[in-house]
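Participant: Sharing a structure here in structure tokens format.
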Amino acid sequence: MIRSKKFQGLSDQQIMDRYLDDPKGEALYFLNIEIEQRGLEERAAIDARQQQKKSRHSFLYYLFYVFLFAMFLGRFGKDLL
């Protein structure tokens, strides 16, 4: 199994941070190898689940769409009823 020298020099926390940044391709492959070699599989699974639970949008994102919906109802509300 080939390990990346780039990832071997990183600390466990840095490996986990990079893993949670949703890497693609070669980076994901070598991060998975490094996590396996260091025995961080359980920690990676727990951190990934916690990251998924966080909302991806802020309060302003939802407020903007409520505003757009109110504008839509104001413009077309009489036609719908």
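In the structure tokens, chains take the letters A, B, ... in the order shown, each chain's residues start at 1, and ligands count up from 1 in the order shown.
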So which residues touch segment 32-43 of chain A within 9 Å, counting only C-alpha atoms, skipping near sequence neighbours fewer than 5 positions away, as a PyMOL selection string?
Facilitator: chain A and resi 1-4+7-8+12+15-16+19+27+48
Participant: Per DSSP on the backbone, what are the alpha helix (DSSP H) residues of chain A, as number ranges by chain?
Facilitator: A: 5-8, 12-20, 25-38, 41-53, 59-80
Participant: Report, in Å with one decimal, the straight-line distance from atom CA of Leu31 of chain A to atom CA of Arg18 of chain A.
Facilitator: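 Straight-line distance from atom CA of Leu31 of chain A to atom CA of Arg18 of chain A works out to 8.0 Å.
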Participant: Expressed in Å to a single decimal, how great is the separation between atom CA of Leu20 of chain A and atom CA of Ala44 of chain A?
Facilitator: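 Separation between atom CA of Leu20 of chain A and atom CA of Ala44 of chain A: 8.1 Å.
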